[in-house]
$ cat input_31.txt   # compact mmCIF, C-alpha atoms and all ligand atoms
# COMPACT_ATOMS: atom_id res chain seq x y z
CA MET A 27 -2.41 -11.01 19.87
CA LEU A 28 -1.29 -7.44 19.23
CA ALA A 29 -2.29 -6.33 22.73
CA ASN A 30 1.22 -5.52 23.90
CA LYS A 31 3.07 -5.35 20.62
CA THR A 32 5.01 -2.29 19.53
CA ILE A 33 5.00 -1.33 15.87
CA ALA A 34 7.68 0.94 14.44
CA PHE A 35 7.36 2.53 11.02
CA LEU A 36 10.70 3.31 9.39
CA GLY A 37 9.60 5.84 6.79
CA ALA A 38 7.05 8.57 7.39
CA GLY A 39 5.73 9.38 3.92
CA SER A 40 2.30 9.01 2.31
CA MET A 41 2.07 5.23 2.67
CA ALA A 42 3.22 5.20 6.28
CA GLU A 43 0.72 7.92 7.13
CA ALA A 44 -2.14 6.10 5.38
CA MET A 45 -1.37 2.93 7.35
CA ILE A 46 -0.92 4.77 10.64
CA SER A 47 -4.22 6.57 10.16
CA GLY A 48 -6.07 3.30 9.49
CA ILE A 49 -4.41 1.48 12.38
CA VAL A 50 -5.03 4.27 14.89
CA GLU A 51 -8.61 4.81 13.75
CA SER A 52 -9.39 1.09 14.07
CA LYS A 53 -8.08 1.05 17.65
CA THR A 54 -6.49 -2.35 16.96
CA VAL A 55 -3.58 -1.14 19.07
CA ARG A 56 -3.20 1.80 21.43
CA ASN A 57 -1.67 4.93 19.89
CA ASP A 58 1.38 4.67 22.12
CA GLN A 59 2.14 1.23 20.63
CA VAL A 60 2.90 2.94 17.31
CA ILE A 61 6.24 4.63 16.62
CA VAL A 62 7.17 6.51 13.47
CA SER A 63 10.71 7.32 12.39
CA ASN A 64 12.33 8.56 9.19
CA ARG A 65 15.69 9.51 7.72
CA CYS A 66 15.95 13.24 8.59
CA ASN A 67 12.67 15.20 8.42
CA GLU A 68 11.96 15.97 12.08
CA ASP A 69 9.05 18.32 11.30
CA ARG A 70 7.26 15.42 9.67
CA LEU A 71 7.69 13.27 12.79
CA ILE A 72 6.21 16.06 14.93
CA GLU A 73 3.35 16.45 12.46
CA LEU A 74 2.47 12.73 12.50
CA SER A 75 2.84 12.35 16.25
CA ASN A 76 0.55 15.35 16.84
CA ARG A 77 -1.98 14.26 14.25
CA TYR A 78 -2.30 10.62 15.39
CA GLY A 79 -1.15 10.69 19.01
CA ILE A 80 1.67 8.25 18.22
CA ARG A 81 5.36 8.43 19.11
CA GLY A 82 7.65 10.19 16.63
CA GLN A 83 11.29 9.20 17.17
CA LYS A 84 14.49 10.10 15.38
CA ARG A 85 16.60 7.11 14.29
CA ASP A 86 19.01 7.50 17.22
CA GLU A 87 16.12 7.65 19.71
CA LEU A 88 14.66 4.31 18.61
CA ASN A 89 14.88 1.53 21.16
CA PHE A 90 14.97 -1.51 18.89
CA GLU A 91 14.54 -3.85 21.86
CA GLU A 92 10.98 -2.71 22.53
CA VAL A 93 9.78 -3.16 18.94
CA ASP A 94 7.94 -6.30 17.82
CA ILE A 95 7.01 -5.34 14.27
CA PHE A 96 9.05 -3.06 12.02
CA VAL A 97 7.29 -1.63 8.98
CA LEU A 98 9.70 -0.54 6.26
CA ALA A 99 8.06 2.32 4.32
CA MET A 100 10.80 4.11 2.43
CA LYS A 101 11.37 4.17 -1.34
CA PRO A 102 12.83 1.02 -2.91
CA LYS A 103 16.05 2.90 -3.77
CA ASP A 104 16.71 3.35 -0.03
CA ILE A 105 16.43 -0.34 0.85
CA ASP A 106 20.16 -1.15 0.97
CA ASN A 107 20.92 1.74 3.31
CA VAL A 108 18.11 0.79 5.61
CA LEU A 109 18.85 -2.93 5.77
CA SER A 110 22.51 -2.35 6.52
CA SER A 111 21.66 0.29 9.12
CA ILE A 112 19.21 -1.92 11.05
CA LYS A 113 20.93 -5.29 10.73
CA GLY A 114 23.06 -4.81 13.84
CA ASP A 115 20.11 -3.65 15.94
CA ILE A 116 17.36 -6.14 15.20
CA ARG A 117 16.92 -9.76 16.20
CA ALA A 118 15.84 -12.50 13.79
CA ASP A 119 12.62 -13.08 15.75
CA GLN A 120 11.48 -9.47 15.36
CA VAL A 121 9.37 -9.35 12.24
CA VAL A 122 10.13 -6.96 9.39
CA LEU A 123 7.16 -6.00 7.22
CA SER A 124 8.13 -4.26 4.01
CA VAL A 125 5.64 -2.33 1.89
CA LEU A 126 8.28 -1.50 -0.73
CA ALA A 127 7.26 -2.26 -4.31
CA GLY A 128 9.49 -4.83 -5.99
CA ILE A 129 11.66 -5.83 -3.03
CA PRO A 130 11.57 -9.62 -2.59
CA THR A 131 11.59 -11.33 0.80
CA ALA A 132 14.76 -13.23 -0.21
CA TYR A 133 16.56 -9.93 -0.82
CA MET A 134 15.79 -8.78 2.72
CA GLU A 135 16.56 -12.18 4.26
CA ASP A 136 19.97 -12.20 2.55
CA ARG A 137 20.84 -8.82 3.99
CA LEU A 138 19.51 -9.23 7.53
CA ASN A 139 20.30 -11.82 10.19
CA ASP A 140 20.15 -15.61 9.82
CA ASN A 141 16.53 -16.77 9.99
CA GLN A 142 15.23 -13.20 9.94
CA GLN A 143 11.45 -13.11 9.88
CA VAL A 144 10.24 -10.87 7.06
CA ILE A 145 6.91 -10.33 5.32
CA ARG A 146 6.43 -8.56 2.00
CA VAL A 147 3.28 -6.47 2.01
CA MET A 148 1.49 -4.45 -0.65
CA PRO A 149 -1.14 -2.07 0.75
CA ASN A 150 -2.65 0.96 -0.93
CA THR A 151 -3.38 4.48 0.25
CA SER A 152 -7.02 3.63 1.01
CA SER A 153 -5.49 2.24 4.23
CA MET A 154 -6.13 5.81 5.42
CA ILE A 155 -9.84 4.96 5.82
CA GLY A 156 -9.54 1.22 6.46
CA GLU A 157 -10.34 0.30 2.84
CA SER A 158 -7.05 -1.00 1.48
CA ALA A 159 -6.78 -4.19 -0.55
CA THR A 160 -3.56 -5.51 0.97
CA ALA A 161 -1.47 -8.51 -0.02
CA MET A 162 1.06 -10.24 2.18
CA SER A 163 3.68 -12.93 1.41
CA PRO A 164 5.70 -14.26 4.35
CA GLY A 165 9.39 -15.02 3.95
CA LYS A 166 10.78 -18.50 4.47
CA HIS A 167 11.68 -18.09 8.15
CA THR A 168 8.51 -16.35 9.27
CA GLY A 169 6.56 -18.18 11.96
CA MET A 170 2.79 -18.57 11.93
CA ASP A 171 2.39 -16.43 15.07
CA ASN A 172 4.04 -13.50 13.30
CA VAL A 173 1.98 -14.12 10.15
CA MET A 174 -1.18 -13.99 12.26
CA ASP A 175 -0.07 -10.81 14.06
CA ALA A 176 0.76 -9.14 10.76
CA LYS A 177 -2.58 -10.21 9.31
CA GLU A 178 -4.41 -8.80 12.32
CA LEU A 179 -2.53 -5.52 11.98
CA LEU A 180 -3.23 -5.33 8.25
CA LYS A 181 -6.91 -6.18 8.76
CA SER A 182 -7.16 -2.84 10.52
CA ILE A 183 -6.42 -1.07 7.22
CA GLY A 184 -8.75 -3.12 5.01
CA GLU A 185 -9.04 -6.52 3.36
CA VAL A 186 -6.01 -8.83 3.48
CA TYR A 187 -4.99 -11.48 0.97
CA ILE A 188 -2.15 -13.93 1.65
CA ILE A 189 -0.69 -14.59 -1.80
CA GLU A 190 2.28 -16.33 -3.40
CA GLU A 191 5.16 -13.90 -3.73
CA ALA A 192 5.21 -14.55 -7.49
CA GLN A 193 1.81 -12.82 -7.64
CA MET A 194 3.05 -9.64 -5.94
CA ASP A 195 3.84 -7.82 -9.20
CA ILE A 196 0.37 -8.22 -10.65
CA PHE A 197 -1.20 -7.48 -7.25
CA THR A 198 0.80 -4.26 -7.17
CA GLY A 199 -0.40 -3.41 -10.69
CA ILE A 200 -4.02 -3.88 -9.71
CA ALA A 201 -4.29 -2.83 -6.08
CA GLY A 202 -1.11 -1.03 -4.97
CA SER A 203 -1.18 1.41 -7.88
CA GLY A 204 -4.91 0.96 -8.56
CA PRO A 205 -6.28 3.91 -6.61
CA ALA A 206 -4.38 6.24 -8.93
CA TYR A 207 -6.21 4.88 -11.99
CA PHE A 208 -9.55 5.70 -10.40
CA TYR A 209 -8.37 9.15 -9.35
CA TYR A 210 -7.23 9.74 -12.91
CA LEU A 211 -10.62 8.60 -14.17
CA MET A 212 -12.25 11.04 -11.76
CA GLU A 213 -10.05 13.89 -12.95
CA HIS A 214 -11.52 13.33 -16.40
CA ILE A 215 -15.07 12.98 -15.10
CA GLU A 216 -14.74 16.25 -13.17
CA LYS A 217 -13.36 18.00 -16.22
CA VAL A 218 -16.09 16.86 -18.60
CA GLY A 219 -18.75 17.53 -15.96
CA LYS A 220 -17.48 21.08 -15.53
CA GLU A 221 -17.25 21.67 -19.27
CA ASN A 222 -20.87 20.64 -19.51
CA GLY A 223 -22.40 22.81 -16.82
CA LEU A 224 -21.79 21.08 -13.45
CA ASP A 225 -19.68 22.71 -10.84
CA ILE A 226 -16.58 20.75 -9.97
CA GLU A 227 -17.74 19.76 -6.46
CA GLN A 228 -20.99 18.39 -7.86
CA ALA A 229 -19.19 16.50 -10.61
CA ARG A 230 -16.79 15.01 -8.05
CA LYS A 231 -19.55 13.83 -5.71
CA ILE A 232 -21.64 12.41 -8.55
CA GLY A 233 -18.67 10.60 -10.09
CA ALA A 234 -17.41 9.24 -6.77
CA GLN A 235 -20.88 8.01 -5.74
CA THR A 236 -21.19 6.27 -9.11
CA ILE A 237 -17.84 4.48 -8.64
CA LEU A 238 -18.76 3.60 -5.03
CA GLY A 239 -22.14 2.22 -6.09
CA ALA A 240 -20.62 0.11 -8.86
CA ALA A 241 -17.92 -1.19 -6.48
CA LYS A 242 -20.52 -2.13 -3.87
CA MET A 243 -22.64 -3.88 -6.53
CA MET A 244 -19.63 -5.97 -7.53
CA MET A 245 -18.96 -6.86 -3.92
CA THR A 246 -22.52 -7.73 -2.97
CA GLN A 247 -24.15 -9.20 -6.09
CA GLU A 248 -23.46 -12.61 -7.54
CA GLU A 249 -23.31 -11.43 -11.14
CA ALA A 250 -20.03 -10.90 -12.93
CA PRO A 251 -19.11 -7.34 -13.99
CA GLU A 252 -20.05 -8.23 -17.55
CA GLU A 253 -23.60 -9.11 -16.47
CA LEU A 254 -23.89 -5.97 -14.39
CA ARG A 255 -22.69 -3.94 -17.36
CA LYS A 256 -25.31 -5.51 -19.61
CA LYS A 257 -28.04 -4.54 -17.15
CA VAL A 258 -27.05 -0.89 -17.49
CA THR A 259 -26.94 -1.04 -21.26
CA SER A 260 -30.24 -0.55 -23.11
CA PRO A 261 -30.18 -1.40 -26.81
CA ASN A 262 -29.39 1.76 -28.74
CA GLY A 263 -29.51 3.72 -25.49
CA THR A 264 -27.14 6.14 -23.80
CA THR A 265 -24.84 3.52 -22.24
CA GLN A 266 -24.34 1.73 -25.53
CA ALA A 267 -23.26 5.05 -27.04
CA GLY A 268 -20.90 5.65 -24.13
CA LEU A 269 -19.37 2.17 -24.26
CA GLU A 270 -18.88 2.40 -28.02
CA ALA A 271 -16.91 5.60 -27.51
CA LEU A 272 -14.93 3.93 -24.72
CA LYS A 273 -14.03 1.05 -27.05
CA GLU A 274 -13.26 3.33 -29.97
CA TYR A 275 -10.80 5.27 -27.81
CA GLY A 276 -9.20 2.11 -26.42
CA GLY A 277 -10.60 2.39 -22.87
CA GLY A 278 -10.43 -1.34 -22.05
CA GLU A 279 -7.00 -1.80 -23.54
CA ALA A 280 -5.77 1.33 -21.72
CA ILE A 281 -6.82 -0.18 -18.38
CA SER A 282 -5.10 -3.50 -19.16
CA GLN A 283 -1.95 -1.68 -20.18
CA ALA A 284 -1.97 0.42 -17.01
CA VAL A 285 -2.08 -2.70 -14.82
CA LYS A 286 0.56 -4.46 -16.93
CA GLY A 287 2.80 -1.39 -16.94
CA ALA A 288 2.74 -1.11 -13.16
CA ALA A 289 3.30 -4.87 -12.72
CA LYS A 290 6.20 -4.75 -15.16
CA ARG A 291 7.76 -1.89 -13.24
CA SER A 292 7.45 -3.84 -9.98
CA LYS A 293 9.24 -6.79 -11.62
CA GLU A 294 11.92 -4.47 -13.03
CA ILE A 295 12.63 -3.05 -9.57
CA SER A 296 13.31 -6.62 -8.37
CA GLU A 297 15.44 -7.46 -11.38
CA LYS A 298 17.59 -4.37 -11.05
CA LEU A 299 18.47 -5.10 -7.43
CA GLU A 300 22.03 -6.00 -6.57
CA LYS A 301 22.16 -9.80 -6.90
CA VAL A 302 25.19 -10.33 -4.66
CA THR A 303 24.54 -11.43 -1.11
CA ILE A 304 26.35 -9.04 1.20
CA LYS A 305 26.02 -10.88 4.49
N1 LIG B 1 2.31 5.62 -2.02
C1 LIG B 1 1.62 4.51 -2.29
O1 LIG B 1 0.46 4.52 -2.77
C2 LIG B 1 2.22 3.16 -2.00
C3 LIG B 1 3.56 3.04 -1.69
N2 LIG B 1 4.09 1.82 -1.44
C4 LIG B 1 5.50 1.74 -1.10
O2 LIG B 1 5.70 2.52 0.06
C5 LIG B 1 7.01 3.03 0.08
C6 LIG B 1 7.00 4.48 0.51
O3 LIG B 1 6.27 5.22 -0.44
P1 LIG B 1 5.73 6.67 -0.10
O4 LIG B 1 5.18 6.70 1.27
O5 LIG B 1 4.85 7.03 -1.23
O6 LIG B 1 7.11 7.49 -0.14
P2 LIG B 1 7.46 8.93 0.46
O7 LIG B 1 8.48 9.53 -0.43
O8 LIG B 1 6.20 9.68 0.72
O9 LIG B 1 8.14 8.61 1.87
C7 LIG B 1 9.38 8.01 1.98
C8 LIG B 1 9.79 8.05 3.43
O10 LIG B 1 10.94 7.23 3.58
C9 LIG B 1 11.79 7.87 4.52
N3 LIG B 1 13.16 7.36 4.44
C10 LIG B 1 14.05 7.49 3.46
N4 LIG B 1 15.21 6.87 3.78
C11 LIG B 1 15.01 6.34 5.02
C12 LIG B 1 15.84 5.63 5.92
N5 LIG B 1 17.09 5.33 5.61
N6 LIG B 1 15.32 5.27 7.12
C13 LIG B 1 14.06 5.59 7.45
N7 LIG B 1 13.23 6.28 6.64
C14 LIG B 1 13.70 6.65 5.45
C15 LIG B 1 11.66 9.33 4.17
O11 LIG B 1 12.14 10.13 5.25
P3 LIG B 1 12.81 11.59 5.03
O12 LIG B 1 11.67 12.46 4.55
O13 LIG B 1 13.31 11.96 6.37
O14 LIG B 1 13.86 11.41 3.97
C16 LIG B 1 10.14 9.42 3.98
O15 LIG B 1 9.51 9.57 5.23
C17 LIG B 1 7.60 2.80 -1.32
O16 LIG B 1 8.59 1.82 -1.25
C18 LIG B 1 6.43 2.33 -2.15
O17 LIG B 1 6.81 1.33 -3.09
C19 LIG B 1 3.35 0.67 -1.44
C20 LIG B 1 2.03 0.74 -1.73
C21 LIG B 1 1.36 1.96 -2.08
O1 LIG B 2 4.12 4.06 -7.35
C1 LIG B 2 4.70 3.25 -6.61
O2 LIG B 2 5.81 2.77 -6.95
C2 LIG B 2 4.07 2.83 -5.33
C3 LIG B 2 3.91 1.35 -5.23
C4 LIG B 2 2.45 1.09 -5.39
C5 LIG B 2 1.85 2.40 -5.34
N1 LIG B 2 2.72 3.35 -5.24

$ encode --input "input_31.txt" --output "structure tokens"
Amino acid sequence: MLANKTIAFLGAGSMAEAMISGIVESKTVRNDQVIVSNRCNEDRLIELSNRYGIRGQKRDELNFEEVDIFVLAMKPKDIDNVLSSIKGDIRADQVVLSVLAGIPTAYMEDRLNDNQQVIRVMPNTSSMIGESATAMSPGKHTGMDNVMDAKELLKSIGEVYIIEEAQMDIFTGIAGSGPAYFYYLMEHIEKVGKENGLDIEQARKIGAQTILGAAKMMMTQEEAPEELRKKVTSPNGTTQAGLEALKEYGGGEAISQAVKGAAKRSKEISEKLEKVTIK
């Protein structure tokens, strides 16, 4: 379905690069079907086009007619500028995928053309290696063919979940922001490993393999995480001591609060948006 489709990223930052890397690596589309553009940083366009063999184009070089799927990948604060700058150039049947946290489909529909096809998407940076957990929520005018094309494209960067838009905030708290929690955890594991005689590279590999192993267990075994945890925990053994410390220092609550904090911020971004329709 994507065989002859052209995909244009508007925004060339970390998230765009992670998605481009995953898409190119998967060979779901040919490299020359992918275009990347940004606001002003031409060096970055050259860098990405050289690194991934895709087409870097300045805004005024973009031929909107040839594009089938636009991927908006700028910061949420830039959304109004972008929507008003593309409205005159895109058609309603061209699909606009937005990866911006907190920007509802209705907000984009109100500011683009009548019946504009939009899809709100929440990937994460593990798209870089095809391991994202990505959510998508189509807007009210989006046809099934475009939903299927978007899903196929997003499958190339990892697992895809079609969810209700109302669930986007919590999805963002868990999966969009989630990689950062694990990196933060690893920063602490590296530090304590180093303080206790490991070199930092060793500590990193050991910690990462442990997270990977636990993740694969959860994805392949029937047991719930609680059961798997109990199997690690010998009475009065080392794990019990570790878990007691984790509880004493609020580890579980800290994780819940991290997810809730990120979800709350996603909701706040939506709530702070200009409510007036500017069509
Ligand atoms: N980073 C992450 O883990 C995730 C991010 N997201 C979402 O992805 C979006 C981008 O985040 P991230 O990649 O981290 O941000 P970056 O700051 O790394 O990149 C932002 C990009 O947007 C470009 N840009 C700004 N204004 C415009 C414009 N008017 N037209 C075209 N491009 C423009 C910038 O170009 P220039 O440099 O030329 O100004 C830059 O390339 C955010 O909305 C975020 O919510 C979603 C999931 C995960
Ligand atoms: O921090 C952010 O706002 C973005 C959205 C999800 C991950 N990064």

$ atom_distance --input "input_31.txt" --atom1 "CA of Arg77 in chain A" --atom2 "CA of Val186 in chain A"
25.8 Å

$ closest_atom_pairs --input "input_31.txt" --of "chain A" --to "ligand LIG 1 (chain B)" --cutoff "7 Å" --atoms "all atoms listed in the file" --output "Markdown table"
| residue | atom | partner | partner_atom | distance |
| --- | --- | --- | --- | --- |
| A:Leu36 | CA | B:LIG1 | C13 | 4.5 |
| A:Gly37 | CA | B:LIG1 | N7 | 3.7 |
| A:Ala38 | CA | B:LIG1 | O15 | 3.4 |
| A:Gly39 | CA | B:LIG1 | O8 | 3.2 |
| A:Ser40 | CA | B:LIG1 | O4 | 3.8 |
| A:Met41 | CA | B:LIG1 | O4 | 3.7 |
| A:Ala42 | CA | B:LIG1 | O4 | 5.6 |
| A:Ser63 | CA | B:LIG1 | C13 | 6.2 |
| A:Asn64 | CA | B:LIG1 | N7 | 3.5 |
| A:Arg65 | CA | B:LIG1 | O13 | 3.7 |
| A:Cys66 | CA | B:LIG1 | O13 | 3.7 |
| A:Asn67 | CA | B:LIG1 | O13 | 3.9 |
| A:Ala99 | CA | B:LIG1 | C5 | 4.4 |
| A:Met100 | CA | B:LIG1 | O10 | 3.3 |
| A:Lys101 | CA | B:LIG1 | O16 | 3.6 |
| A:Pro102 | CA | B:LIG1 | O16 | 4.6 |
| A:Asp104 | CA | B:LIG1 | N4 | 5.4 |
| A:Asn107 | CA | B:LIG1 | N5 | 5.7 |
| A:Val108 | CA | B:LIG1 | N5 | 4.7 |
| A:Val125 | CA | B:LIG1 | C19 | 5.0 |
| A:Leu126 | CA | B:LIG1 | O16 | 3.4 |
| A:Ala127 | CA | B:LIG1 | O17 | 3.8 |
| A:Met148 | CA | B:LIG1 | C20 | 5.3 |
| A:Pro149 | CA | B:LIG1 | C20 | 4.9 |
| A:Asn150 | CA | B:LIG1 | C21 | 4.3 |
| A:Thr151 | CA | B:LIG1 | O1 | 4.9 |
| A:Gly202 | CA | B:LIG1 | C21 | 4.8 |
| A:Ser203 | CA | B:LIG1 | O1 | 6.2 |

$ residues_around --input "input_31.txt" --residues "range 214-225 of chain A" --least-positions-apart "6" --cutoff "12 Å" --atoms "only C-alpha atoms" --output "PyMOL selection string"
chain A and resi 207-208+231-234+236-237

$ closest_residue --input "input_31.txt" --among "A:Gly114, A:Gly82, A:Gly287, A:Gly48" --to "ligand LIG 2 (chain B)" --atoms "only C-alpha atoms and all ligand atoms"
A:Gly287

$ axis_aligned_box --input "input_31.txt" --around "ligand LIG 2 (chain B)" --padding-each-side "6 Å" --output "lines of an AutoDock Vina configuration file"
center_x = 3.8
center_y = 2.6
center_z = -6.3
size_x = 16.0
size_y = 15.0
size_z = 14.1

$ closest_residue --input "input_31.txt" --among "A:Ala34, A:Ile95, A:Ile129, A:Ala192" --to "Ile295 in chain A" --atoms "only C-alpha atoms"
A:Ile129

$ atom_distance --input "input_31.txt" --atom1 "CA of Lys286 in chain A" --atom2 "CA of Lys256 in chain A"
26.0 Å

$ closest_residue --input "input_31.txt" --among "A:Asp115, A:Gly199, A:Glu227, A:Ala241" --to "Lys290 in chain A" --atoms "all atoms listed in the file"
A:Gly199

$ atom_distance --input "input_31.txt" --atom1 "CA of Val93 in chain A" --atom2 "CA of Ser124 in chain A"
15.1 Å

$ decode --input "input_31.txt" --residues "range 100-118 of chain A" --atoms "N, CA and C atoms" --output "PDB file, in the first residue's frame"
ATOM      1  N   MET A 100       7.425  18.839  14.917  1.00  0.00           N
ATOM      2  CA  MET A 100       8.027  19.996  15.591  1.00  0.00           C
ATOM      3  C   MET A 100       7.491  20.060  17.009  1.00  0.00           C
ATOM      4  N   LYS A 101       7.951  21.020  17.811  1.00  0.00           N
ATOM      5  CA  LYS A 101       7.470  21.123  19.187  1.00  0.00           C
ATOM      6  C   LYS A 101       6.019  21.604  19.203  1.00  0.00           C
ATOM      7  N   PRO A 102       5.258  21.232  20.228  1.00  0.00           N
ATOM      8  CA  PRO A 102       3.858  21.664  20.281  1.00  0.00           C
ATOM      9  C   PRO A 102       3.689  23.183  20.169  1.00  0.00           C
ATOM     10  N   LYS A 103       4.634  23.955  20.697  1.00  0.00           N
ATOM     11  CA  LYS A 103       4.499  25.420  20.651  1.00  0.00           C
ATOM     12  C   LYS A 103       4.510  25.950  19.206  1.00  0.00           C
ATOM     13  N   ASP A 104       5.034  25.165  18.284  1.00  0.00           N
ATOM     14  CA  ASP A 104       5.142  25.618  16.887  1.00  0.00           C
ATOM     15  C   ASP A 104       3.934  25.226  16.036  1.00  0.00           C
ATOM     16  N   ILE A 105       2.952  24.564  16.661  1.00  0.00           N
ATOM     17  CA  ILE A 105       1.865  23.993  15.857  1.00  0.00           C
ATOM     18  C   ILE A 105       1.074  25.048  15.079  1.00  0.00           C
ATOM     19  N   ASP A 106       0.768  26.186  15.717  1.00  0.00           N
ATOM     20  CA  ASP A 106      -0.070  27.168  15.017  1.00  0.00           C
ATOM     21  C   ASP A 106       0.616  27.696  13.758  1.00  0.00           C
ATOM     22  N   ASN A 107       1.905  28.006  13.912  1.00  0.00           N
ATOM     23  CA  ASN A 107       2.675  28.484  12.753  1.00  0.00           C
ATOM     24  C   ASN A 107       2.632  27.477  11.621  1.00  0.00           C
ATOM     25  N   VAL A 108       2.846  26.225  11.990  1.00  0.00           N
ATOM     26  CA  VAL A 108       2.937  25.201  10.952  1.00  0.00           C
ATOM     27  C   VAL A 108       1.591  25.003  10.263  1.00  0.00           C
ATOM     28  N   LEU A 109       0.525  24.877  11.061  1.00  0.00           N
ATOM     29  CA  LEU A 109      -0.785  24.624  10.442  1.00  0.00           C
ATOM     30  C   LEU A 109      -1.163  25.769   9.511  1.00  0.00           C
ATOM     31  N   SER A 110      -0.913  27.005   9.962  1.00  0.00           N
ATOM     32  CA  SER A 110      -1.315  28.108   9.076  1.00  0.00           C
ATOM     33  C   SER A 110      -0.417  28.175   7.844  1.00  0.00           C
ATOM     34  N   SER A 111       0.854  27.717   8.001  1.00  0.00           N
ATOM     35  CA  SER A 111       1.736  27.807   6.829  1.00  0.00           C
ATOM     36  C   SER A 111       1.495  26.685   5.817  1.00  0.00           C
ATOM     37  N   ILE A 112       0.880  25.572   6.245  1.00  0.00           N
ATOM     38  CA  ILE A 112       0.661  24.494   5.254  1.00  0.00           C
ATOM     39  C   ILE A 112      -0.769  24.454   4.714  1.00  0.00           C
ATOM     40  N   LYS A 113      -1.677  25.126   5.416  1.00  0.00           N
ATOM     41  CA  LYS A 113      -3.100  25.012   5.058  1.00  0.00           C
ATOM     42  C   LYS A 113      -3.367  25.284   3.559  1.00  0.00           C
ATOM     43  N   GLY A 114      -2.730  26.315   3.033  1.00  0.00           N
ATOM     44  CA  GLY A 114      -2.974  26.685   1.646  1.00  0.00           C
ATOM     45  C   GLY A 114      -2.361  25.715   0.654  1.00  0.00           C
ATOM     46  N   ASP A 115      -1.427  24.873   1.118  1.00  0.00           N
ATOM     47  CA  ASP A 115      -0.691  24.003   0.192  1.00  0.00           C
ATOM     48  C   ASP A 115      -1.133  22.554   0.204  1.00  0.00           C
ATOM     49  N   ILE A 116      -1.880  22.151   1.257  1.00  0.00           N
ATOM     50  CA  ILE A 116      -2.249  20.729   1.274  1.00  0.00           C
ATOM     51  C   ILE A 116      -3.717  20.535   0.938  1.00  0.00           C
ATOM     52  N   ARG A 117      -4.002  19.321   0.454  1.00  0.00           N
ATOM     53  CA  ARG A 117      -5.396  18.960   0.157  1.00  0.00           C
ATOM     54  C   ARG A 117      -5.934  18.128   1.315  1.00  0.00           C
ATOM     55  N   ALA A 118      -7.270  18.124   1.446  1.00  0.00           N
ATOM     56  CA  ALA A 118      -7.906  17.409   2.559  1.00  0.00           C
ATOM     57  C   ALA A 118      -7.625  15.909   2.512  1.00  0.00           C
TER      58      ALA A 118
END
